[in-house]
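Trainee: This one is data.csv, CSV, C-alpha atoms and all ligand atoms.
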chain,number,residue,atom,x,y,z
A,11,MET,CA,36.5,5.2,1.1
A,12,ASP,CA,34.5,4.7,4.2
A,13,LEU,CA,30.7,4.7,4.0
A,14,VAL,CA,30.1,8.0,5.8
A,15,THR,CA,32.6,9.8,3.5
A,16,LYS,CA,31.1,8.2,0.5
A,17,LEU,CA,27.6,9.2,1.5
A,18,ALA,CA,28.7,12.8,2.3
A,19,THR,CA,30.4,13.2,-1.1
A,20,GLU,CA,28.1,11.1,-3.4
A,21,HIS,CA,24.8,11.6,-1.5
A,22,ILE,CA,23.8,8.0,-2.3
A,23,LEU,CA,24.9,4.5,-1.3
A,24,LYS,CA,24.2,1.0,-2.6
A,25,GLU,CA,21.4,-0.9,-0.9
A,26,ASP,CA,23.7,-3.1,1.2
A,27,GLU,CA,25.9,-0.1,2.1
A,28,PHE,CA,22.9,1.8,3.4
A,29,LYS,CA,21.9,-1.3,5.5
A,30,THR,CA,25.4,-1.7,6.9
A,31,LEU,CA,25.5,2.0,8.0
A,32,LEU,CA,22.0,1.8,9.5
A,33,LEU,CA,22.9,-1.2,11.6
A,34,THR,CA,26.6,-0.5,12.2
A,35,GLU,CA,28.0,-1.5,15.6
A,36,LYS,CA,31.3,0.2,15.0
A,37,VAL,CA,31.3,3.1,17.4
A,38,ALA,CA,33.7,5.2,15.3
A,39,GLU,CA,31.5,4.8,12.2
A,40,ARG,CA,28.4,5.6,14.1
A,41,ASN,CA,30.0,8.7,15.6
A,42,LYS,CA,31.3,9.8,12.3
A,43,LEU,CA,27.8,9.6,10.8
A,44,PHE,CA,26.4,11.9,13.4
A,45,SER,CA,29.3,14.4,13.3
A,46,TYR,CA,29.3,14.6,9.5
A,47,ALA,CA,25.5,15.1,9.4
A,48,GLN,CA,25.8,17.8,12.0
A,49,GLN,CA,28.6,19.6,10.1
A,50,VAL,CA,26.6,19.5,6.8
A,51,ALA,CA,23.6,21.0,8.5
A,52,ILE,CA,25.7,23.8,10.1
A,53,PHE,CA,27.5,24.5,6.8
A,54,ASN,CA,24.1,24.8,5.0
A,55,PHE,CA,22.1,26.6,7.7
A,56,ASN,CA,24.5,28.2,10.2
A,57,LYS,CA,23.1,26.8,13.5
A,58,GLN,CA,19.8,28.5,12.6
A,59,ILE,CA,16.6,26.5,13.1
A,60,TYR,CA,13.5,27.4,11.2
A,61,ILE,CA,10.2,27.4,13.2
A,62,ARG,CA,6.8,26.4,11.8
A,63,GLY,CA,3.6,27.1,13.6
A,64,LEU,CA,1.6,23.9,13.7
A,65,ILE,CA,-2.2,24.3,13.7
A,66,GLU,CA,-4.0,21.0,14.1
A,67,PHE,CA,-7.3,22.3,12.8
A,68,THR,CA,-9.4,19.2,12.6
A,69,ASN,CA,-9.1,15.7,14.1
A,70,HIS,CA,-12.0,14.3,12.1
A,71,CYS,CA,-10.7,11.6,9.7
A,72,GLN,CA,-12.4,9.3,7.2
A,73,LYS,CA,-9.4,7.1,7.0
A,74,ASP,CA,-8.6,4.1,9.2
A,75,CYS,CA,-4.8,3.7,9.3
A,76,PHE,CA,-3.9,1.0,11.8
A,77,TYR,CA,-1.2,3.0,13.6
A,78,CYS,CA,-3.1,6.3,14.1
A,79,GLY,CA,-5.2,7.4,17.1
A,80,LEU,CA,-7.4,9.6,14.9
A,81,ARG,CA,-8.5,6.7,12.7
A,82,CYS,CA,-12.3,6.7,12.1
A,83,SER,CA,-12.8,3.4,14.0
A,84,ASN,CA,-11.6,5.0,17.2
A,85,LYS,CA,-14.7,5.9,19.1
A,86,TYR,CA,-12.8,7.3,22.1
A,87,VAL,CA,-11.6,10.5,20.4
A,88,SER,CA,-13.5,13.7,21.1
A,89,ARG,CA,-13.6,15.2,17.6
A,90,TYR,CA,-13.3,18.9,16.9
A,91,ARG,CA,-12.9,21.4,14.0
A,92,LEU,CA,-11.5,24.9,14.3
A,93,THR,CA,-13.4,27.6,12.5
A,94,LYS,CA,-11.7,30.0,10.0
A,95,GLU,CA,-11.8,32.6,12.7
A,96,GLN,CA,-10.1,30.3,15.2
A,97,ILE,CA,-7.4,29.4,12.7
A,98,LEU,CA,-6.8,33.1,11.9
A,99,THR,CA,-6.5,33.8,15.6
A,100,CYS,CA,-3.8,31.1,15.9
A,101,CYS,CA,-1.9,32.6,13.0
A,102,LYS,CA,-2.1,36.1,14.6
A,103,ARG,CA,-0.7,34.8,17.9
A,104,GLY,CA,2.0,32.9,15.9
A,105,TYR,CA,2.9,35.9,13.8
A,106,ASN,CA,3.4,38.0,16.9
A,107,LEU,CA,5.7,35.3,18.2
A,108,GLY,CA,7.8,35.3,15.0
A,109,PHE,CA,6.3,32.5,13.0
A,110,ARG,CA,6.4,33.0,9.2
A,111,THR,CA,5.2,29.6,8.2
A,112,PHE,CA,1.8,28.1,9.3
A,113,VAL,CA,1.3,24.4,8.9
A,114,LEU,CA,-2.4,23.5,8.6
A,115,GLN,CA,-2.6,19.8,9.6
A,116,GLY,CA,-5.7,17.7,9.8
A,117,GLY,CA,-7.2,14.3,9.3
A,118,GLU,CA,-8.9,13.6,5.9
A,119,ASP,CA,-12.1,15.5,6.8
A,120,HIS,CA,-14.9,15.9,4.3
A,121,TYR,CA,-16.0,19.1,5.9
A,122,PHE,CA,-13.0,20.9,4.5
A,123,THR,CA,-13.9,20.9,0.8
A,124,ASP,CA,-11.8,22.7,-1.7
A,125,ASP,CA,-14.1,25.8,-1.3
A,126,VAL,CA,-13.7,25.8,2.5
A,127,MET,CA,-9.9,25.3,2.3
A,128,CYS,CA,-9.4,27.9,-0.4
A,129,ASP,CA,-11.3,30.4,1.6
A,130,ILE,CA,-9.1,29.8,4.7
A,131,ILE,CA,-5.9,29.9,2.6
A,132,SER,CA,-6.8,33.2,0.9
A,133,ALA,CA,-7.7,34.7,4.3
A,134,ILE,CA,-4.4,33.7,5.8
A,135,LYS,CA,-2.6,35.1,2.8
A,136,MET,CA,-4.5,38.3,2.9
A,137,TYR,CA,-3.7,39.0,6.6
A,138,PHE,CA,-0.2,37.5,6.5
A,139,PRO,CA,1.2,38.0,3.0
A,140,ASP,CA,4.8,37.5,4.1
A,141,CYS,CA,4.0,34.0,5.5
A,142,ALA,CA,4.2,30.6,3.9
A,143,ILE,CA,1.3,28.1,4.2
A,144,THR,CA,2.0,24.4,4.5
A,145,LEU,CA,-0.9,22.0,4.1
A,146,SER,CA,-0.9,18.5,5.6
A,147,ILE,CA,-4.4,17.2,4.9
A,148,GLY,CA,-3.8,13.9,3.1
A,149,GLU,CA,-4.8,12.4,-0.2
A,150,ARG,CA,-6.9,14.5,-2.6
A,151,THR,CA,-7.4,14.7,-6.3
A,152,ARG,CA,-4.9,16.5,-8.5
A,153,ARG,CA,-7.6,19.1,-9.3
A,154,SER,CA,-8.1,19.7,-5.6
A,155,TYR,CA,-4.3,20.1,-5.0
A,156,GLN,CA,-4.2,22.6,-8.0
A,157,ARG,CA,-7.0,24.6,-6.5
A,158,LEU,CA,-5.3,24.8,-3.1
A,159,TYR,CA,-2.0,25.8,-4.8
A,160,ASP,CA,-3.8,28.5,-6.8
A,161,ALA,CA,-5.4,29.8,-3.6
A,162,GLY,CA,-1.9,30.4,-2.2
A,163,ALA,CA,-0.7,27.3,-0.4
A,164,ASP,CA,3.1,27.0,-0.8
A,165,ARG,CA,4.0,23.6,0.6
A,166,TYR,CA,2.4,20.2,1.2
A,167,LEU,CA,3.4,17.5,3.6
A,168,LEU,CA,2.3,14.0,2.8
A,169,ARG,CA,4.3,11.2,4.4
A,170,HIS,CA,4.6,8.2,2.1
A,171,GLU,CA,4.8,6.1,5.4
A,172,THR,CA,6.8,3.2,3.7
A,173,ALA,CA,7.9,2.8,0.1
A,174,ASP,CA,7.3,-1.0,0.3
A,175,SER,CA,3.9,-1.9,-0.9
A,176,LEU,CA,3.6,-5.1,1.2
A,177,HIS,CA,4.6,-3.1,4.3
A,178,TYR,CA,2.1,-0.4,3.3
A,179,SER,CA,-0.6,-3.0,3.1
A,180,ARG,CA,0.2,-4.2,6.6
A,181,LEU,CA,-0.2,-0.7,8.0
A,182,HIS,CA,-3.4,0.2,6.3
A,183,PRO,CA,-6.8,-1.3,5.4
A,184,PRO,CA,-6.7,-3.4,2.2
A,185,SER,CA,-8.1,-0.8,-0.2
A,186,TYR,CA,-5.3,1.7,0.5
A,187,LYS,CA,-2.6,1.6,-2.1
A,188,LEU,CA,0.9,2.8,-1.9
A,189,SER,CA,0.7,3.7,-5.6
A,190,THR,CA,-2.1,6.2,-4.8
A,191,ARG,CA,0.0,7.9,-2.2
A,192,LEU,CA,3.0,8.1,-4.6
A,193,ASP,CA,0.8,9.5,-7.4
A,194,CYS,CA,-0.4,12.2,-5.0
A,195,LEU,CA,3.2,13.1,-4.2
A,196,ARG,CA,4.1,13.3,-7.9
A,197,ASP,CA,1.0,15.5,-8.6
A,198,LEU,CA,1.9,17.8,-5.8
A,199,LYS,CA,5.4,18.2,-7.1
A,200,GLU,CA,4.3,18.7,-10.7
A,201,ILE,CA,1.9,21.4,-9.6
A,202,GLY,CA,4.7,23.3,-7.9
A,203,PHE,CA,4.4,22.7,-4.2
A,204,GLN,CA,7.5,22.4,-2.1
A,205,VAL,CA,6.7,18.8,-1.2
A,206,GLY,CA,7.5,16.9,2.0
A,207,ALA,CA,7.4,13.1,2.3
A,208,GLY,CA,8.6,10.8,5.1
A,209,PHE,CA,8.0,7.8,7.2
A,210,MET,CA,7.8,6.4,10.7
A,211,VAL,CA,10.8,4.6,12.1
A,212,GLY,CA,10.2,1.3,13.9
A,213,ALA,CA,6.6,0.9,12.5
A,214,PRO,CA,5.2,-2.6,13.0
A,215,TYR,CA,6.6,-5.2,10.6
A,216,GLU,CA,9.5,-2.9,9.6
A,217,VAL,CA,12.8,-4.5,8.5
A,218,PRO,CA,15.9,-2.6,7.7
A,219,GLU,CA,15.5,-3.2,4.0
A,220,TYR,CA,12.3,-1.1,4.1
A,221,LEU,CA,14.1,1.9,5.5
A,222,VAL,CA,16.7,1.5,2.7
A,223,GLY,CA,13.8,1.4,0.3
A,224,ASP,CA,12.5,4.7,1.8
A,225,PHE,CA,15.9,6.3,1.3
A,226,LEU,CA,16.0,5.2,-2.4
A,227,TYR,CA,12.4,6.4,-3.0
A,228,LEU,CA,13.2,9.8,-1.5
A,229,LYS,CA,16.2,10.0,-3.7
A,230,GLU,CA,13.9,9.7,-6.7
A,231,LEU,CA,11.3,12.1,-5.3
A,232,GLU,CA,13.9,14.8,-4.3
A,233,PRO,CA,11.6,16.3,-1.7
A,234,ALA,CA,12.0,19.8,-0.2
A,235,MET,CA,11.1,18.5,3.2
A,236,ILE,CA,11.4,15.1,5.0
A,237,GLY,CA,9.4,14.3,8.1
A,238,ILE,CA,10.3,11.3,10.0
A,239,GLY,CA,9.7,10.2,13.6
A,240,PRO,CA,9.5,7.1,15.7
A,241,PHE,CA,6.4,5.0,15.7
A,242,ILE,CA,4.7,5.3,19.0
A,243,PRO,CA,1.8,3.0,19.9
A,244,GLN,CA,-1.6,4.5,20.6
A,245,GLN,CA,-3.9,2.7,23.1
A,246,ASP,CA,-7.1,2.6,21.0
A,247,THR,CA,-5.5,1.3,17.8
A,248,PRO,CA,-4.8,-2.3,16.6
A,249,PHE,CA,-1.1,-1.6,17.2
A,250,ARG,CA,-1.6,-0.8,20.9
A,251,HIS,CA,0.7,-3.6,21.9
A,252,GLN,CA,3.5,-3.0,19.4
A,253,GLU,CA,6.9,-1.8,20.4
A,254,PRO,CA,7.8,1.9,19.8
A,255,GLY,CA,10.5,2.8,17.4
A,256,SER,CA,14.0,3.5,18.8
A,257,LEU,CA,15.6,6.9,19.4
A,258,GLU,CA,18.9,5.7,18.0
A,259,MET,CA,17.5,4.3,14.8
A,260,THR,CA,15.4,7.5,14.2
A,261,LEU,CA,18.5,9.6,14.7
A,262,ARG,CA,20.5,7.4,12.3
A,263,CYS,CA,17.9,7.9,9.7
A,264,ILE,CA,17.9,11.7,10.2
A,265,ALA,CA,21.7,11.8,9.9
A,266,ILE,CA,21.7,9.6,6.7
A,267,LEU,CA,19.0,11.8,5.2
A,268,ARG,CA,20.9,15.0,6.0
A,269,LEU,CA,24.0,13.5,4.1
A,270,MET,CA,21.8,12.5,1.2
A,271,PHE,CA,19.9,15.8,1.1
A,272,PRO,CA,22.1,18.6,2.4
A,273,ARG,CA,19.6,21.4,1.7
A,274,ALA,CA,16.4,19.6,2.7
A,275,LEU,CA,14.2,20.9,5.5
A,276,ILE,CA,14.1,18.2,8.1
A,277,PRO,CA,12.1,18.7,11.3
A,278,ALA,CA,13.0,17.3,14.7
A,279,THR,CA,9.4,16.0,15.1
A,280,THR,CA,7.0,16.0,18.0
A,281,ALA,CA,7.1,12.2,18.0
A,282,LEU,CA,10.8,12.4,18.6
A,283,ALA,CA,10.2,14.8,21.5
A,284,THR,CA,7.6,12.5,22.8
A,285,LEU,CA,9.8,9.4,22.8
A,286,HIS,CA,12.6,11.2,24.6
A,287,PRO,CA,12.6,14.4,26.8
A,288,ASN,CA,15.6,15.7,24.8
A,289,GLY,CA,14.5,14.3,21.5
A,290,ARG,CA,14.4,17.6,19.7
A,291,VAL,CA,17.9,18.5,20.7
A,292,HIS,CA,19.1,15.0,19.6
A,293,GLY,CA,17.4,15.5,16.3
A,294,ILE,CA,19.0,18.9,15.7
A,295,LEU,CA,22.4,17.5,16.6
A,296,SER,CA,21.9,14.7,14.1
A,297,GLY,CA,21.2,17.1,11.3
A,298,ALA,CA,17.6,18.3,11.6
A,299,ASN,CA,17.0,22.0,11.0
A,300,VAL,CA,13.3,22.6,11.6
A,301,ILE,CA,11.1,22.7,14.7
A,302,MET,CA,7.3,22.8,14.6
A,303,PRO,CA,5.9,24.2,17.9
A,304,ASN,CA,2.2,23.7,18.4
A,305,LEU,CA,-0.1,26.8,18.0
A,306,THR,CA,-3.4,24.8,18.3
A,307,PRO,CA,-5.6,26.1,21.2
A,308,GLU,CA,-4.9,24.0,24.3
A,309,ASP,CA,-8.4,22.5,24.7
A,310,GLU,CA,-8.3,21.0,21.2
A,311,ARG,CA,-4.6,20.1,21.2
A,312,ASP,CA,-5.1,17.4,23.8
A,313,LYS,CA,-7.6,15.8,21.4
A,314,TYR,CA,-5.2,15.4,18.6
A,315,THR,CA,-4.2,12.0,19.8
A,316,LEU,CA,-2.1,10.5,17.0
A,317,TYR,CA,-0.2,8.4,19.5
A,318,ASP,CA,0.1,8.0,23.3
A,319,GLY,CA,1.8,10.6,25.4
A,320,LYS,CA,2.0,13.1,22.5
A,321,THR,CA,3.8,16.0,24.0
A,322,THR,CA,1.8,19.2,24.4
A,323,ALA,CA,5.0,21.1,25.2
A,324,SER,CA,3.6,22.7,28.4
A,325,GLY,CA,0.5,24.6,27.3
A,326,GLU,CA,0.6,28.0,25.7
A,327,ALA,CA,2.4,28.6,22.5
A,328,VAL,CA,4.6,31.3,24.2
A,329,SER,CA,5.9,28.9,26.8
A,330,SER,CA,6.4,26.0,24.4
A,331,LEU,CA,8.4,28.5,22.2
A,332,ARG,CA,10.5,29.6,25.3
A,333,LEU,CA,11.2,26.0,26.1
A,334,VAL,CA,12.4,25.2,22.6
A,335,ASN,CA,14.4,28.5,22.5
A,336,SER,CA,16.3,27.7,25.7
A,337,GLN,CA,16.9,24.1,24.5
A,338,LEU,CA,18.4,25.5,21.3
A,339,ARG,CA,20.5,28.1,23.1
A,340,ASN,CA,22.0,25.5,25.4
A,341,ILE,CA,23.5,23.8,22.3
A,342,GLY,CA,24.5,27.0,20.6
A,343,TYR,CA,21.7,27.2,18.1
A,344,GLU,CA,19.0,29.8,17.5
A,345,MET,CA,15.6,30.1,16.0
A,346,VAL,CA,15.1,32.4,13.0
A,347,VAL,CA,12.2,34.5,12.0
A,348,ASP,CA,12.0,33.6,8.3
A,349,ARG,CA,9.8,31.7,5.9
A,350,GLY,CA,12.6,29.3,5.4
A,351,ASP,CA,11.8,28.2,1.9
A,352,TYR,CA,13.6,25.3,0.2
A,353,THR,CA,16.4,26.4,-2.0
A,354,PRO,CA,18.2,23.5,-3.8
A,355,GLU,CA,21.5,25.3,-3.9
A,356,LEU,CA,23.3,27.1,-1.1
A,357,PRO,CA,22.3,30.8,-1.4
A,358,GLU,CA,25.1,33.3,-2.0
A,359,GLU,CA,26.0,35.5,1.0
A,401,LIG,N1,3.3,7.0,15.9
A,401,LIG,C1,4.1,7.9,15.2
A,401,LIG,N2,3.7,8.6,14.2
A,401,LIG,C2,2.4,8.5,13.8
A,401,LIG,N3,1.7,9.1,12.8
A,401,LIG,C3,0.4,8.6,12.9
A,401,LIG,N4,0.3,7.8,13.9
A,401,LIG,C4,1.5,7.7,14.5
A,401,LIG,C5,2.0,6.9,15.6
A,401,LIG,N5,1.2,6.0,16.2
A,401,LIG,C6,2.3,10.0,11.8
A,401,LIG,C7,2.1,9.4,10.5
A,401,LIG,C8,1.3,10.4,9.8
A,401,LIG,C9,1.5,11.7,10.6
A,401,LIG,C10,0.3,12.6,10.5
A,401,LIG,O1,1.6,11.2,11.9
A,401,LIG,O2,3.4,9.3,9.8
A,401,LIG,O3,1.7,10.7,8.4
A,402,LIG,FE1,-6.3,9.9,9.2
A,402,LIG,FE2,-3.7,10.7,8.8
A,402,LIG,FE3,-4.4,9.3,11.0
A,402,LIG,FE4,-4.4,8.0,8.6
A,402,LIG,S1,-2.6,8.9,9.7
A,402,LIG,S2,-6.0,7.9,10.2
A,402,LIG,S3,-5.1,9.7,7.3
A,402,LIG,S4,-5.1,11.3,10.5
Would you give me this structure, written as structure tokens?

Mentor:
Amino acid sequence: MDLVTKLATEHILKEDEFKTLLLTEKVAERNKLFSYAQQVAIFNFNKQIYIRGLIEFTNHCQKDCFYCGLRCSNKYVSRYRLTKEQILTCCKRGYNLGFRTFVLQGGEDHYFTDDVMCDIISAIKMYFPDCAITLSIGERTRRSYQRLYDAGADRYLLRHETADSLHYSRLHPPSYKLSTRLDCLRDLKEIGFQVGAGFMVGAPYEVPEYLVGDFLYLKELEPAMIGIGPFIPQQDTPFRHQEPGSLEMTLRCIAILRLMFPRALIPATTALATLHPNGRVHGILSGANVIMPNLTPEDERDKYTLYDGKTTASGEAVSSLRLVNSQLRNIGYEMVVDRGDYTPELPEE
């Protein structure tokens, strides 16, 4: 059996087989990977793309990840925090545009204690009871995660970044441990969140074996969501001179993950759209089924500088949504107004 058929039927490969598929130079094999991944996504989701309203509500961060423009050592960032009222206004605008999931994303910001976060979460749930809340606010204690869950948060995104501890140590200051990150992900899952993990493709010091390690780790975790995107250097970080990740390799990873996890929610990420003008479309055609347009107010959005050239998708949420909508229509896909929860099995018609 060829590798693509094997992956599509067994949802797992041996380490050396994953590596062969990732690096294949056989055009037929490569094309089969993409066409199978696309078919599996269509079979599971009917050319329907879930949209999530991204609200980047604070760019303050106490962490110092070497790759990220929001790291605390970066003195060139103009820092901001949105108030609860501003966040609710973003949600209201998003709701009227058809969003039924709000992703609250921020750096690890001490200001947003459990009390402050729970207050924001309950307010969103009160005004928008039919919406899901996804949090993406980094490492916290299990007790804290439990409180956020009890306040009404449904999902949590926390990329593991790399499943190799040596690689992890080369991307972060010495005190940061991969094991801490993995413990957080386990806690989140045990508490009952729909959990998202993921990694950057083409991060400095990456070797293909690390990507294979990421696949195997994800197989163990069985996440509901998987966020991956190319590494893109940011000018005020220690990695400013590093090469960006490649479009092709990112798409291959998306396709492999789609075949491993037919039901997973896999976004075509902003980093992908930043790397290539048609990155989102390429992501969808490689098996992604989620897009996260930005609802952050324009003035602040430009300050959420994770990496250089981060696309701001032409200003207003309305126009960024129109752009995404027309890109999708061009390839025969459509956005859906739906919470888009993770269901491990294909729902009955
Ligand atoms: N390039 C691409 N992705 C990045 N992230 C942070 N910095 C970069 C960068 N320079 C991603 C990380 C993090 C998420 C918030 O953004 O994977 O988890
Ligand atoms: Fe902070 Fe996240 Fe950036 Fe690390 S990746 S510096 S935790 S915002």

Trainee: When you count all atoms listed in the file, which of these residues is closest to Phe112 of chain A: A:Ala283, A:Leu305, A:Leu269, A:Met235?

Mentor: A:Leu305

Trainee: Neighbouring residues of Phe109 of chain A were defined as those with any atom within 12 Å, considering all atoms listed in the file; residues of the same chain fewer than 4 positions away were excluded. Please report them as a ChimeraX atom specification.

Mentor: /A:59-65,100-105,113,138,140-143,301-305,327-328,331,345-350

Trainee: Quick one, how far is atom CA of Phe241 of chain A from atom CA of Glu344 of chain A?

Mentor: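 Going from atom CA of Phe241 of chain A over to atom CA of Glu344 of chain A, I get 27.9 Å.
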
Trainee: Do you know which residues are within 9 Å of ligand LIG 401 (chain A) using all atoms listed in the file? Can you write them as a ChimeraX atom specification?

Mentor: /A:75-81,115-117,146-148,167-171,207-211,213,237-244,247,249-250,254-255,280-282,315-318

Trainee: In Å, how far is it from atom CA of Arg262 of chain A to atom CA of Thr190 of chain A?

Mentor: 28.4 Å

Trainee: Go through A:Val37, A:Cys82, A:Ala18, A:Val300 and flag the residue nearest ligand LIG 402 (chain A), using all atoms listed in the file for the distances.

Mentor: A:Cys82

Trainee: Give the answer as one residue: which of A:Thr68, A:Asn41, A:Asn106, A:Ser329 has the shortest atom-to-atom distance to ligand LIG 402 (chain A), using all atoms listed in the file?

Mentor: A:Thr68

Trainee: Smallest atom-to-atom distance to ligand LIG 402 (chain A): which of A:Tyr314, A:Glu308, A:Lys16, A:Ser296, using all atoms listed in the file?

Mentor: A:Tyr314

Trainee: Grab the atom CA of Ala51 of chain A to atom CA of Leu107 of chain A distance for me, in Å with one decimal place.

Mentor: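 We find that atom CA of Ala51 of chain A and atom CA of Leu107 of chain A lie 24.9 Å from each other.
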
Trainee: Distance cut-off 12 Å, centre (35.0, 9.0, 5.5) in file coordinates, counting all atoms listed in the file: which residues qualify? Return them as a ChimeraX atom specification.

Mentor: /A:11-20,38-43,45-47,269

Trainee: Measuring atom to atom with only C-alpha atoms, identify which of A:Ala234, A:Leu333, A:Ala163, A:Ile341 is nearest to Leu195 of chain A.

Mentor: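 Counting only C-alpha atoms, the residue closest to Leu195 of chain A is A:Ala234.
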
Trainee: My list of candidates is A:Ile97, A:Glu358, A:His182, A:Val50. Which is closest to ligand LIG 402 (chain A) when distances are computed with all atoms listed in the file?

Mentor: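 The answer is A:His182, which sits nearest to ligand LIG 402 (chain A).
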
Trainee: Could you name the residues that touch Ile131 of chain A at 7 Å or less, counting only C-alpha atoms, but leaving out those on the same chain fewer than 4 positions away, as an NGL selection string?

Mentor: :A and (127 or 135 or 161-163)
